[in-house]
file protein.cif (mmCIF, C-alpha atoms)
data_final
#
loop_
_atom_site.label_atom_id
_atom_site.label_comp_id
_atom_site.auth_asym_id
_atom_site.auth_seq_id
_atom_site.Cartn_x
_atom_site.Cartn_y
_atom_site.Cartn_z
CA MET Z 1 41.85 -25.60 15.57
CA LYS Z 2 41.91 -24.53 19.17
CA LYS Z 3 42.60 -20.90 19.83
CA ILE Z 4 42.65 -18.82 22.99
CA VAL Z 5 42.25 -15.14 22.37
CA PHE Z 6 42.41 -12.49 25.05
CA THR Z 7 41.53 -9.29 23.27
CA ILE Z 8 38.50 -8.10 25.24
CA ILE Z 9 40.75 -5.68 27.10
CA MET Z 10 40.30 -2.66 24.91
CA LEU Z 11 38.76 -0.51 27.60
CA ALA Z 12 41.76 -1.08 29.84
CA SER Z 13 44.26 -0.48 27.06
CA VAL Z 14 42.80 2.69 25.49
CA MET Z 15 45.28 5.56 25.80
CA ILE Z 16 44.63 9.20 24.98
CA LEU Z 17 47.46 11.23 23.52
CA ARG Z 18 45.75 14.60 23.60
CA ALA Z 19 42.36 16.02 24.57
CA GLN Z 20 41.14 19.55 23.92
CA ASP Z 21 37.37 19.50 24.38
CA GLN Z 22 35.15 18.76 27.35
CA SER Z 23 32.12 18.17 25.11
CA SER Z 24 31.10 15.00 23.29
CA VAL Z 25 32.78 16.29 20.12
CA ARG Z 26 36.31 14.95 19.82
CA THR Z 27 39.15 17.30 18.85
CA GLY Z 28 42.86 16.88 18.37
CA TRP Z 29 44.53 13.48 18.42
CA THR Z 30 43.17 10.23 19.82
CA PHE Z 31 44.28 6.66 19.54
CA GLY Z 32 43.45 3.21 20.86
CA VAL Z 33 46.04 0.55 21.59
CA LEU Z 34 45.00 -3.09 21.54
CA PRO Z 35 47.40 -5.83 22.66
CA SER Z 36 46.50 -9.44 21.91
CA PHE Z 37 47.62 -12.90 22.93
CA SER Z 38 46.64 -16.10 21.15
CA TYR Z 39 47.71 -19.70 20.75
CA ASP Z 40 47.09 -21.90 17.74
CA ALA Z 41 48.02 -25.59 17.59
CA ASP Z 42 49.54 -25.11 14.10
CA LEU Z 43 50.65 -21.48 14.13
CA GLY Z 44 51.85 -21.33 17.73
CA LEU Z 45 51.95 -18.51 20.25
CA GLN Z 46 51.02 -15.11 18.85
CA LEU Z 47 51.94 -11.79 20.38
CA GLY Z 48 50.99 -8.56 18.72
CA LEU Z 49 49.93 -4.97 18.98
CA LEU Z 50 47.77 -2.66 16.88
CA THR Z 51 46.86 0.98 17.00
CA ASN Z 52 44.54 3.31 15.11
CA ILE Z 53 45.47 6.97 15.40
CA TYR Z 54 42.92 9.64 14.45
CA TYR Z 55 43.24 13.39 14.10
CA PHE Z 56 39.99 15.39 14.38
CA GLY Z 57 41.44 18.92 14.25
CA ASP Z 58 39.02 21.42 15.79
CA GLY Z 59 36.22 18.84 15.64
CA HIS Z 60 34.16 20.44 12.89
CA THR Z 61 34.17 17.17 10.88
CA TYR Z 62 33.50 14.86 13.87
CA PRO Z 63 32.73 11.92 13.86
CA GLU Z 64 34.69 11.88 10.59
CA TYR Z 65 38.43 12.18 11.06
CA LEU Z 66 40.83 14.42 9.17
CA HIS Z 67 43.60 11.81 9.12
CA SER Z 68 43.78 8.14 10.08
CA PHE Z 69 46.97 6.14 10.68
CA TYR Z 70 46.79 2.40 11.29
CA ALA Z 71 49.58 0.04 12.27
CA GLU Z 72 49.54 -3.62 13.26
CA ALA Z 73 52.23 -6.17 13.92
CA ALA Z 74 51.89 -9.76 15.11
CA THR Z 75 54.10 -12.81 14.98
CA THR Z 76 53.93 -16.38 16.18
CA SER Z 77 56.38 -19.01 17.34
CA LYS Z 78 55.78 -20.93 14.09
CA HIS Z 79 56.45 -17.99 11.78
CA TYR Z 80 52.97 -16.80 10.92
CA GLY Z 81 52.85 -13.03 10.76
CA LEU Z 82 50.77 -9.95 10.08
CA TYR Z 83 52.52 -6.67 9.39
CA ARG Z 84 50.63 -3.65 8.12
CA VAL Z 85 50.75 0.13 7.99
CA SER Z 86 48.13 2.29 6.28
CA TYR Z 87 47.01 5.89 5.91
CA ASP Z 88 43.62 7.33 4.93
CA SER Z 89 42.42 10.90 4.53
CA LYS Z 90 40.00 13.05 2.56
CA TYR Z 91 41.83 16.23 3.55
CA LEU Z 92 45.55 15.78 2.78
CA ILE Z 93 44.77 16.52 -0.88
CA PRO Z 94 41.78 18.91 -0.84
CA ASN Z 95 38.63 17.35 -2.32
CA HIS Z 96 40.36 13.98 -2.82
CA ARG Z 97 40.55 10.85 -0.71
CA LEU Z 98 43.98 9.21 -0.53
CA SER Z 99 44.51 5.69 0.83
CA VAL Z 100 47.91 4.00 1.05
CA ASP Z 101 48.50 0.46 2.32
CA LEU Z 102 51.60 -1.69 2.83
CA THR Z 103 51.06 -5.24 4.12
CA TYR Z 104 53.01 -8.47 4.49
CA LEU Z 105 51.17 -11.68 5.44
CA PRO Z 106 53.32 -14.81 5.75
CA ASP Z 107 51.01 -17.82 6.20
CA ALA Z 108 52.51 -21.25 6.77
CA MET Z 109 49.07 -22.94 7.02
CA CYS Z 110 46.75 -21.17 4.60
CA ASP Z 111 43.37 -22.80 3.99
CA PHE Z 112 42.91 -24.58 0.66
CA TYR Z 113 39.59 -26.40 0.06
CA GLY Z 114 39.70 -26.65 -3.72
CA PHE Z 115 37.42 -25.16 -6.36
CA ASN Z 116 33.70 -24.90 -7.15
CA GLY Z 117 32.37 -25.14 -3.62
CA TYR Z 118 30.59 -28.44 -2.92
CA GLN Z 119 32.15 -30.11 -5.96
CA THR Z 120 35.27 -30.42 -3.80
CA LEU Z 121 34.47 -32.30 -0.62
CA TYR Z 122 35.40 -31.11 2.83
CA LEU Z 123 35.81 -34.19 5.04
CA ALA Z 124 36.59 -33.28 8.63
CA GLU Z 125 37.91 -36.80 9.28
CA ASN Z 126 40.86 -36.07 6.98
CA LEU Z 127 42.16 -33.69 9.63
CA ASP Z 128 42.49 -36.59 12.09
CA GLU Z 129 43.07 -39.58 9.83
CA VAL Z 130 45.45 -37.97 7.31
CA SER Z 131 46.88 -34.72 8.65
CA ARG Z 132 45.93 -31.36 10.14
CA ALA Z 133 47.68 -29.94 7.08
CA TYR Z 134 45.52 -31.80 4.55
CA TYR Z 135 43.49 -28.69 3.69
CA LYS Z 136 46.45 -26.31 3.94
CA MET Z 137 49.17 -24.76 1.79
CA LYS Z 138 51.94 -22.21 2.22
CA ARG Z 139 51.03 -18.71 1.07
CA ASN Z 140 53.10 -15.62 1.81
CA MET Z 141 51.57 -12.44 0.41
CA PHE Z 142 53.01 -8.93 0.03
CA ARG Z 143 50.70 -6.07 -0.94
CA PHE Z 144 51.18 -2.42 -1.80
CA SER Z 145 48.34 -0.15 -2.87
CA ALA Z 146 47.82 3.56 -3.45
CA ASP Z 147 44.32 4.75 -4.29
CA LEU Z 148 42.86 8.16 -5.01
CA GLN Z 149 39.22 9.24 -5.13
CA GLY Z 150 37.90 12.54 -6.46
CA GLU Z 151 34.49 14.14 -6.79
CA ILE Z 152 32.63 14.36 -10.10
CA SER Z 153 29.45 15.89 -8.73
CA LYS Z 154 28.02 14.75 -5.43
CA PRO Z 155 27.20 11.95 -4.83
CA PHE Z 156 29.33 10.63 -7.74
CA TYR Z 157 33.07 10.08 -7.49
CA TRP Z 158 35.88 8.72 -9.66
CA ASN Z 159 38.54 6.31 -8.45
CA VAL Z 160 41.98 5.33 -9.72
CA GLY Z 161 44.67 3.22 -8.12
CA LEU Z 162 47.69 1.07 -8.59
CA GLY Z 163 49.40 -1.60 -6.57
CA LEU Z 164 51.24 -4.88 -6.40
CA LEU Z 165 50.28 -8.32 -5.11
CA ASN Z 166 53.14 -10.78 -4.74
CA TYR Z 167 52.50 -14.39 -3.71
CA ASP Z 168 55.00 -17.01 -2.58
CA ASN Z 169 53.04 -20.28 -2.65
CA GLY Z 170 53.82 -23.93 -2.11
CA THR Z 171 52.93 -27.06 -0.23
CA VAL Z 172 53.08 -26.98 3.57
CA ASP Z 173 56.66 -27.03 4.88
CA VAL Z 174 56.09 -29.89 7.33
CA ASP Z 175 59.71 -30.12 8.45
CA ARG Z 176 59.85 -26.45 9.36
CA LEU Z 177 56.59 -26.56 11.31
CA ASN Z 178 57.62 -29.70 13.15
CA SER Z 179 60.91 -28.10 14.15
CA TYR Z 180 58.91 -25.61 16.21
CA ALA Z 181 56.59 -28.20 17.74
CA ASN Z 182 56.80 -28.91 21.43
CA GLU Z 183 56.84 -32.36 23.03
CA SER Z 184 53.12 -32.25 23.86
CA SER Z 185 51.97 -31.75 20.26
CA ASP Z 186 51.76 -34.43 17.60
CA PRO Z 187 54.13 -33.82 14.66
CA LEU Z 188 52.62 -33.22 11.24
CA PRO Z 189 53.08 -36.27 8.98
CA ASP Z 190 54.80 -35.79 5.64
CA THR Z 191 51.85 -36.76 3.43
CA ILE Z 192 50.14 -35.60 0.27
CA THR Z 193 47.65 -32.74 0.73
CA LEU Z 194 44.63 -31.62 -1.28
CA PHE Z 195 46.79 -28.84 -2.75
CA ASP Z 196 49.34 -31.44 -3.90
CA LYS Z 197 46.55 -33.40 -5.60
CA TYR Z 198 45.32 -30.27 -7.40
CA VAL Z 199 48.83 -29.66 -8.71
CA ALA Z 200 49.22 -33.30 -9.78
CA LEU Z 201 45.89 -33.13 -11.65
CA GLY Z 202 46.82 -29.90 -13.37
CA LEU Z 203 43.90 -28.04 -11.81
CA VAL Z 204 46.62 -25.82 -10.35
CA SER Z 205 49.39 -25.31 -12.91
CA ALA Z 206 53.05 -25.59 -11.97
CA ALA Z 207 53.48 -21.84 -12.53
CA GLU Z 208 50.63 -20.67 -10.31
CA ALA Z 209 51.45 -23.30 -7.68
CA LYS Z 210 54.55 -21.27 -6.82
CA GLY Z 211 52.83 -17.88 -6.94
CA GLY Z 212 54.18 -14.76 -8.57
CA ALA Z 213 54.15 -10.96 -8.78
CA HIS Z 214 51.13 -9.15 -10.20
CA PRO Z 215 51.21 -5.36 -10.58
CA TYR Z 216 47.76 -3.94 -11.20
CA LEU Z 217 45.82 -0.86 -12.20
CA HIS Z 218 42.19 -0.19 -11.45
CA GLY Z 219 39.64 2.51 -11.96
CA GLY Z 220 35.92 3.00 -11.56
CA LEU Z 221 33.00 5.01 -10.26
CA THR Z 222 31.44 5.39 -6.81
CA PHE Z 223 27.99 6.57 -5.72
CA ASP Z 224 27.99 7.60 -2.05
CA THR Z 225 25.17 9.15 -0.02
CA ARG Z 226 26.25 7.82 3.40
CA ASP Z 227 25.92 10.16 6.36
CA ARG Z 228 29.46 9.30 7.46
CA GLN Z 229 32.50 7.45 6.19
CA GLN Z 230 32.94 5.21 9.23
CA ASN Z 231 30.03 3.15 10.62
CA PRO Z 232 27.23 4.91 8.66
CA HIS Z 233 23.64 4.95 9.88
CA ARG Z 234 21.93 5.93 6.62
CA GLY Z 235 22.57 6.24 2.93
CA MET Z 236 23.92 4.15 0.06
CA HIS Z 237 27.37 3.32 -1.20
CA ALA Z 238 27.87 1.62 -4.58
CA ASP Z 239 30.91 1.13 -6.73
CA ALA Z 240 31.85 -0.53 -10.01
CA PHE Z 241 35.41 -0.82 -11.26
CA LEU Z 242 37.80 -2.73 -13.48
CA THR Z 243 41.16 -4.18 -12.38
CA TYR Z 244 43.86 -5.22 -14.81
CA TYR Z 245 46.47 -7.63 -13.43
CA ALA Z 246 49.75 -8.24 -15.21
CA GLY Z 247 51.89 -11.32 -14.59
CA LEU Z 248 55.66 -11.22 -14.19
CA GLY Z 249 58.23 -13.99 -14.58
CA THR Z 250 56.78 -17.49 -14.44
CA THR Z 251 53.23 -16.05 -14.27
CA ALA Z 252 53.59 -13.97 -17.45
CA ASP Z 253 50.69 -15.89 -18.99
CA TYR Z 254 48.35 -14.88 -16.15
CA ASN Z 255 47.28 -11.43 -17.31
CA ASN Z 256 43.60 -10.85 -16.64
CA LEU Z 257 40.84 -8.26 -16.38
CA LYS Z 258 38.32 -8.39 -13.54
CA LEU Z 259 35.06 -6.57 -12.92
CA ASN Z 260 33.88 -5.75 -9.40
CA ALA Z 261 30.58 -4.25 -8.37
CA ALA Z 262 29.16 -3.77 -4.88
CA PHE Z 263 26.09 -2.09 -3.38
CA ARG Z 264 25.76 -1.21 0.31
CA HIS Z 265 22.61 0.23 1.86
CA TYR Z 266 22.14 1.57 5.40
CA VAL Z 267 18.52 2.04 6.46
CA PRO Z 268 17.83 3.82 9.80
CA ILE Z 269 15.01 2.30 11.81
CA ILE Z 270 15.34 4.08 15.17
CA ASP Z 271 17.46 7.24 14.85
CA ASN Z 272 21.09 6.16 15.11
CA ARG Z 273 20.35 3.34 17.54
CA LEU Z 274 19.03 0.72 15.10
CA THR Z 275 20.16 0.35 11.48
CA PHE Z 276 19.38 -2.28 8.86
CA ALA Z 277 22.46 -2.74 6.66
CA TYR Z 278 23.12 -5.00 3.71
CA ARG Z 279 25.76 -5.51 1.03
CA LEU Z 280 25.54 -7.17 -2.40
CA GLY Z 281 28.66 -7.78 -4.46
CA THR Z 282 30.22 -9.69 -7.33
CA GLN Z 283 33.65 -10.28 -8.84
CA LEU Z 284 33.96 -11.64 -12.40
CA THR Z 285 36.89 -12.48 -14.67
CA LEU Z 286 36.15 -10.76 -17.99
CA ALA Z 287 39.27 -11.70 -19.94
CA GLY Z 288 42.58 -13.48 -19.61
CA ASN Z 289 43.72 -16.20 -17.26
CA SER Z 290 43.45 -15.62 -13.51
CA PRO Z 291 45.60 -17.72 -11.12
CA PHE Z 292 43.65 -19.42 -8.35
CA TYR Z 293 45.15 -17.25 -5.59
CA LEU Z 294 43.84 -14.05 -7.21
CA ASN Z 295 40.40 -15.69 -7.28
CA THR Z 296 40.51 -15.91 -3.47
CA TYR Z 297 41.22 -12.17 -3.21
CA VAL Z 298 38.32 -9.71 -3.32
CA ASN Z 299 39.44 -6.53 -5.10
CA GLN Z 300 38.83 -3.19 -3.38
CA LEU Z 301 39.00 0.43 -4.47
CA TYR Z 302 40.70 1.32 -1.18
CA MET Z 303 41.90 -0.73 1.79
CA GLN Z 304 40.09 -0.66 5.12
CA ARG Z 305 40.97 -4.15 6.37
CA VAL Z 306 44.11 -6.22 6.61
CA MET Z 307 42.82 -8.83 4.15
CA TYR Z 308 39.90 -9.11 1.76
CA GLU Z 309 39.63 -12.84 1.30
CA GLY Z 310 36.78 -14.83 -0.06
CA LEU Z 311 34.58 -16.48 -0.26
CA GLY Z 312 34.47 -17.80 3.28
CA GLY Z 313 35.74 -16.54 6.60
CA GLY Z 314 35.43 -13.37 8.65
CA ASN Z 315 35.64 -10.94 5.71
CA THR Z 316 32.88 -12.38 3.50
CA LEU Z 317 30.99 -15.46 4.75
CA ARG Z 318 31.22 -15.82 8.52
CA GLY Z 319 30.79 -19.40 9.70
CA VAL Z 320 31.97 -20.78 6.34
CA LEU Z 321 35.58 -21.99 6.09
CA ARG Z 322 38.08 -19.48 4.71
CA ASN Z 323 38.52 -19.94 0.94
CA ARG Z 324 35.79 -22.60 0.85
CA VAL Z 325 34.12 -21.10 -2.25
CA VAL Z 326 36.59 -20.49 -5.10
CA GLY Z 327 35.76 -19.81 -8.75
CA ASN Z 328 36.78 -17.47 -11.55
CA GLY Z 329 33.76 -15.37 -10.61
CA PHE Z 330 31.46 -15.21 -7.60
CA ALA Z 331 28.72 -13.23 -5.85
CA TYR Z 332 28.03 -12.59 -2.18
CA ALA Z 333 25.53 -10.92 0.16
CA ASN Z 334 25.63 -9.81 3.80
CA VAL Z 335 22.64 -8.70 5.86
CA GLU Z 336 22.97 -7.17 9.36
CA LEU Z 337 20.76 -5.52 11.98
CA ARG Z 338 23.01 -3.09 13.85
CA MET Z 339 21.83 -2.16 17.34
CA GLN Z 340 23.49 0.25 19.77
CA VAL Z 341 22.32 -1.02 23.14
CA ALA Z 342 24.35 1.12 25.58
CA HIS Z 343 26.21 4.44 25.48
CA PHE Z 344 28.69 5.69 28.07
CA ARG Z 345 31.80 7.82 28.54
CA ILE Z 346 35.21 7.10 29.99
CA GLY Z 347 36.94 10.40 30.68
CA LYS Z 348 36.45 12.46 27.55
CA GLU Z 349 35.89 9.51 25.21
CA ASN Z 350 32.51 8.37 23.85
CA PHE Z 351 31.74 4.64 23.81
CA TYR Z 352 28.88 2.41 22.83
CA ILE Z 353 28.20 -1.31 22.99
CA GLY Z 354 26.33 -2.80 20.04
CA LEU Z 355 24.88 -6.07 18.81
CA ASN Z 356 24.38 -7.12 15.19
CA PRO Z 357 22.69 -10.38 14.16
CA PHE Z 358 23.64 -11.25 10.58
CA LEU Z 359 23.22 -13.63 7.65
CA ASP Z 360 25.94 -14.11 5.00
CA GLY Z 361 25.72 -15.93 1.67
CA GLY Z 362 27.78 -16.51 -1.46
CA LEU Z 363 28.07 -18.66 -4.56
CA VAL Z 364 30.28 -19.34 -7.60
CA LEU Z 365 29.20 -17.69 -10.86
CA GLN Z 366 32.14 -18.74 -13.07
CA PRO Z 367 33.17 -22.28 -12.10
CA TYR Z 368 36.37 -24.09 -13.01
CA ASP Z 369 36.38 -26.90 -15.59
CA MET Z 370 36.80 -29.99 -13.39
CA SER Z 371 36.39 -32.61 -16.13
CA VAL Z 372 39.96 -33.86 -15.65
CA VAL Z 373 38.87 -35.30 -12.29
CA GLU Z 374 36.63 -37.88 -13.96
CA LYS Z 375 39.67 -39.38 -15.71
CA VAL Z 376 41.61 -39.99 -12.50
CA ASN Z 377 40.09 -42.58 -10.22
CA THR Z 378 42.67 -42.37 -7.44
CA VAL Z 379 41.48 -39.00 -6.08
CA LEU Z 380 37.74 -39.24 -6.60
CA GLU Z 381 37.21 -39.41 -2.85
CA ASP Z 382 37.97 -35.66 -2.77
CA PHE Z 383 35.33 -34.69 -5.35
CA ASP Z 384 31.61 -34.92 -6.03
CA LEU Z 385 30.96 -33.51 -9.49
CA ASP Z 386 27.27 -34.40 -9.20
CA GLN Z 387 26.93 -31.42 -6.88
CA SER Z 388 26.14 -28.06 -8.43
CA ALA Z 389 29.03 -25.60 -8.58
CA TYR Z 390 26.41 -22.83 -8.31
CA ALA Z 391 24.97 -23.94 -4.95
CA PRO Z 392 24.78 -21.17 -2.31
CA HIS Z 393 26.88 -21.25 0.87
CA LEU Z 394 25.39 -19.65 4.00
CA GLY Z 395 26.51 -18.62 7.47
CA ALA Z 396 24.61 -16.89 10.29
CA GLY Z 397 25.39 -15.46 13.69
CA CYS Z 398 25.60 -12.39 15.91
CA GLY Z 399 28.27 -9.81 16.64
CA LEU Z 400 29.29 -7.77 19.68
CA LYS Z 401 30.76 -4.30 19.05
CA VAL Z 402 32.62 -1.99 21.42
CA ALA Z 403 33.15 1.40 19.78
CA MET Z 404 35.14 4.45 20.83
CA ASN Z 405 34.27 7.81 19.26
CA ASP Z 406 32.32 6.04 16.48
CA ASN Z 407 35.58 5.10 14.74
CA PHE Z 408 37.68 2.68 16.79
CA VAL Z 409 35.50 -0.46 16.87
CA LEU Z 410 36.36 -3.82 18.41
CA SER Z 411 34.24 -6.49 16.71
CA VAL Z 412 33.61 -9.97 18.09
CA ASP Z 413 31.44 -12.04 15.72
CA TRP Z 414 30.11 -15.52 16.44
CA ALA Z 415 28.86 -17.52 13.45
CA THR Z 416 27.74 -20.98 12.42
CA PRO Z 417 27.50 -22.56 8.95
CA VAL Z 418 24.05 -23.46 7.64
CA ASP Z 419 25.48 -26.58 5.93
CA LYS Z 420 28.11 -28.79 7.61
CA ARG Z 421 29.76 -29.29 4.23
CA ASP Z 422 31.06 -25.74 4.69
CA ASN Z 423 32.49 -26.27 8.17
CA SER Z 424 32.36 -29.09 10.69
CA LYS Z 425 32.61 -26.55 13.53
CA MET Z 426 29.21 -25.18 14.47
CA SER Z 427 30.71 -22.39 16.58
CA ASN Z 428 33.20 -19.95 15.02
CA LEU Z 429 34.61 -16.75 16.53
CA TYR Z 430 36.04 -13.77 14.61
CA ILE Z 431 37.76 -10.94 16.47
CA LYS Z 432 38.53 -7.98 14.22
CA MET Z 433 38.52 -4.22 14.00
CA GLY Z 434 35.48 -2.43 12.57
CA TYR Z 435 32.29 -3.60 10.92
CA MET Z 436 32.50 -5.95 7.95
CA PHE Z 437 31.17 -3.22 5.62
#
call {"tool": "encode", "arguments": {"input": "protein.cif", "output": "structure tokens"}}
result
Amino acid sequence: MKKIVFTIIMLASVMILRAQDQSSVRTGWTFGVLPSFSYDADLGLQLGLLTNIYYFGDGHTYPEYLHSFYAEAATTSKHYGLYRVSYDSKYLIPNHRLSVDLTYLPDAMCDFYGFNGYQTLYLAENLDEVSRAYYKMKRNMFRFSADLQGEISKPFYWNVGLGLLNYDNGTVDVDRLNSYANESSDPLPDTITLFDKYVALGLVSAAEAKGGAHPYLHGGLTFDTRDRQQNPHRGMHADAFLTYYAGLGTTADYNNLKLNAAFRHYVPIIDNRLTFAYRLGTQLTLAGNSPFYLNTYVNQLYMQRVMYEGLGGGNTLRGVLRNRVVGNGFAYANVELRMQVAHFRIGKENFYIGLNPFLDGGLVLQPYDMSVVEKVNTVLEDFDLDQSAYAPHLGAGCGLKVAMNDNFVLSVDWATPVDKRDNSKMSNLYIKMGYMF
């Protein structure tokens, strides 16, 4: 997939709404505006805009903000979109953190590489010999979440939240995508995809193949000794929580209970200039029946990114294909060395440029039962059940960070897979906002 992205223009596009302080402490309102342009052979031309608005008040909490508003909108000529608004604050309700998120993500070419990691083969030649859509499906997702955190006794906190995930799934709409193709691009052939084969085998049921609505409730505990909420340099952050998903309509049989646990540790090496950071996490299905698309979503106590998708891709395993590692339960780890190599000011704003080499890894802990595959000879070329479903998947690389006021961070990560079975591309670029964790 060829993509041209021109987003390294943040410094030119940063706009300041209000400034009150000549010192390095920020006060009042500040926001960064980031336009982007991209082209994707399947998704088309993308135009979008995002902004992160912070309010620091009189600056006594700096670099922590009093209120954060985030908005992003992007659309493409082939009807892929990203639309999100969110709010986060520890001060709107005294002594409580409130996070609200509303997101719609229509995806005409969502990655689908099957279940159990290496037990489902990824063959790059299928992209040329069969179709660019062979490892794709349609997945339109709507999400609403509202989460509240309160203090028990520092550093312990309680968390409760509710929300809704609604999925509209299906096979790739080839006719619609081809109707937006230009004369220079090859049309997508109308052929069977890996997702179609999974449905035919019954590995994906007819009900979950179409998606559905899943309201949820979650609650848990957090341990937090970080020195700051955004981009910490020292301290620990751990959480453990349960999420109950209900199923509505055709997915009424897909009620389930999931357990999530994560531990993040930030170890200062040289003041605030060099930090060793790592994250360990797991998600397990404790009871009920979880549809495959909820097993590609990593539950969170509160939203800080547009999408928490795993395992694979820029949110969990950089360098590994998005959704490459799917099971009813999984574990993951991320290790980074965060270096601030240069500090400077533009007007009244504080900037730094950072580098962070990293190593990511993940594996399935609760695999799917794939025994039905052995009874069907016609699709065995897509599977290798002799491989272990528990095999680890690794990616490594280095990131470039451009940060304004320690909060607005443009992240450009380059990564490569350790094993080509996870991605035939040895060079993968991820351009996002903020650090991964």
call {"tool": "resolve_selection", "arguments": {"input": "protein.cif", "expression": "the PyMOL selection byres ((chain Z and resi 274-282) around 9)", "output": "PyMOL selection string"}}
result
chain Z and resi 232-234+259-273+283-284+329-341+365+437
call {"tool": "resolve_selection", "arguments": {"input": "protein.cif", "expression": "the PyMOL selection byres ((chain Z and resi 91) around 12)", "output": "CSV table (one decimal) with C-alpha atoms, keeping the file's coordinate frame"}}
result
chain,number,residue,atom,x,y,z
Z,55,TYR,CA,43.2,13.4,14.1
Z,56,PHE,CA,40.0,15.4,14.4
Z,57,GLY,CA,41.4,18.9,14.2
Z,61,THR,CA,34.2,17.2,10.9
Z,64,GLU,CA,34.7,11.9,10.6
Z,65,TYR,CA,38.4,12.2,11.1
Z,66,LEU,CA,40.8,14.4,9.2
Z,67,HIS,CA,43.6,11.8,9.1
Z,68,SER,CA,43.8,8.1,10.1
Z,87,TYR,CA,47.0,5.9,5.9
Z,88,ASP,CA,43.6,7.3,4.9
Z,89,SER,CA,42.4,10.9,4.5
Z,90,LYS,CA,40.0,13.0,2.6
Z,92,LEU,CA,45.6,15.8,2.8
Z,93,ILE,CA,44.8,16.5,-0.9
Z,94,PRO,CA,41.8,18.9,-0.8
Z,95,ASN,CA,38.6,17.4,-2.3
Z,96,HIS,CA,40.4,14.0,-2.8
Z,97,ARG,CA,40.6,10.8,-0.7
Z,98,LEU,CA,44.0,9.2,-0.5
Z,99,SER,CA,44.5,5.7,0.8
Z,148,LEU,CA,42.9,8.2,-5.0
Z,149,GLN,CA,39.2,9.2,-5.1
Z,150,GLY,CA,37.9,12.5,-6.5
call {"tool": "resolve_selection", "arguments": {"input": "protein.cif", "expression": "the PyMOL selection byres ((chain Z and resi 53) around 7)", "output": "ChimeraX atom specification"}}
result
/Z:30-32,51-52,54-55,68-70
call {"tool": "atom_distance", "arguments": {"input": "protein.cif", "atom1": "atom CA of Val306 of chain Z", "atom2": "atom CA of Leu188 of chain Z"}}
result
28.7 Å
call {"tool": "residues_around", "arguments": {"input": "protein.cif", "residues": "Leu82 of chain Z", "least_positions_apart": "5", "cutoff": "6 Å", "atoms": "all atoms listed in the file", "output": "list in words"}}
result
Ala73, Ala74 and Leu105 of chain Z
call {"tool": "residues_near_point", "arguments": {"input": "protein.cif", "point": "(55.0, -35.3, 3.8)", "cutoff": "9 Å", "atoms": "only C-alpha atoms", "output": "list in words"}}
result
Val172, Asp173, Val174, Asp175, Leu188, Pro189, Asp190, Thr191, Ile192 and Thr193 of chain Z
call {"tool": "closest_residue", "arguments": {"input": "protein.cif", "among": "Z:Tyr297, Z:Tyr244, Z:Trp414, Z:Tyr118", "to": "Arg318 of chain Z", "atoms": "all atoms listed in the file"}}
result
Z:Trp414
call {"tool": "atom_distance", "arguments": {"input": "protein.cif", "atom1": "atom CA of Arg324 of chain Z", "atom2": "atom CA of Leu257 of chain Z"}}
result
23.0 Å
call {"tool": "residues_around", "arguments": {"input": "protein.cif", "residues": "Ser388 of chain Z", "least_positions_apart": "4", "cutoff": "9 Å", "atoms": "only C-alpha atoms", "output": "VMD selection string"}}
result
chain Z and resid 116 to 119
call {"tool": "atom_distance", "arguments": {"input": "protein.cif", "atom1": "atom CA of Phe223 of chain Z", "atom2": "atom CA of Asn159 of chain Z"}}
result
10.9 Å
call {"tool": "decode", "arguments": {"input": "protein.cif", "residues": "segment 159-165 of chain Z", "atoms": "N, CA, C and O atoms", "output": "PDB file, in the first residue's frame"}}
result
ATOM      1  N   ASN Z 159     -12.411   3.414  39.116  1.00  0.00           N
ATOM      2  CA  ASN Z 159     -12.849   3.791  37.776  1.00  0.00           C
ATOM      3  C   ASN Z 159     -14.175   3.119  37.452  1.00  0.00           C
ATOM      4  O   ASN Z 159     -14.366   1.932  37.733  1.00  0.00           O
ATOM      5  N   VAL Z 160     -15.078   3.863  36.851  1.00  0.00           N
ATOM      6  CA  VAL Z 160     -16.321   3.314  36.318  1.00  0.00           C
ATOM      7  C   VAL Z 160     -16.572   3.966  34.965  1.00  0.00           C
ATOM      8  O   VAL Z 160     -16.119   5.089  34.704  1.00  0.00           O
ATOM      9  N   GLY Z 161     -17.286   3.267  34.108  1.00  0.00           N
ATOM     10  CA  GLY Z 161     -17.586   3.832  32.800  1.00  0.00           C
ATOM     11  C   GLY Z 161     -18.639   3.028  32.085  1.00  0.00           C
ATOM     12  O   GLY Z 161     -18.941   1.878  32.436  1.00  0.00           O
ATOM     13  N   LEU Z 162     -19.204   3.662  31.084  1.00  0.00           N
ATOM     14  CA  LEU Z 162     -20.170   2.994  30.226  1.00  0.00           C
ATOM     15  C   LEU Z 162     -19.963   3.478  28.809  1.00  0.00           C
ATOM     16  O   LEU Z 162     -19.299   4.502  28.562  1.00  0.00           O
ATOM     17  N   GLY Z 163     -20.498   2.727  27.858  1.00  0.00           N
ATOM     18  CA  GLY Z 163     -20.322   3.116  26.467  1.00  0.00           C
ATOM     19  C   GLY Z 163     -21.064   2.198  25.527  1.00  0.00           C
ATOM     20  O   GLY Z 163     -21.844   1.328  25.937  1.00  0.00           O
ATOM     21  N   LEU Z 164     -20.801   2.403  24.256  1.00  0.00           N
ATOM     22  CA  LEU Z 164     -21.428   1.618  23.202  1.00  0.00           C
ATOM     23  C   LEU Z 164     -20.445   1.453  22.059  1.00  0.00           C
ATOM     24  O   LEU Z 164     -19.823   2.421  21.609  1.00  0.00           O
ATOM     25  N   LEU Z 165     -20.295   0.215  21.600  1.00  0.00           N
ATOM     26  CA  LEU Z 165     -19.559  -0.078  20.364  1.00  0.00           C
ATOM     27  C   LEU Z 165     -20.547  -0.675  19.379  1.00  0.00           C
ATOM     28  O   LEU Z 165     -21.226  -1.669  19.693  1.00  0.00           O
TER      29      LEU Z 165
END
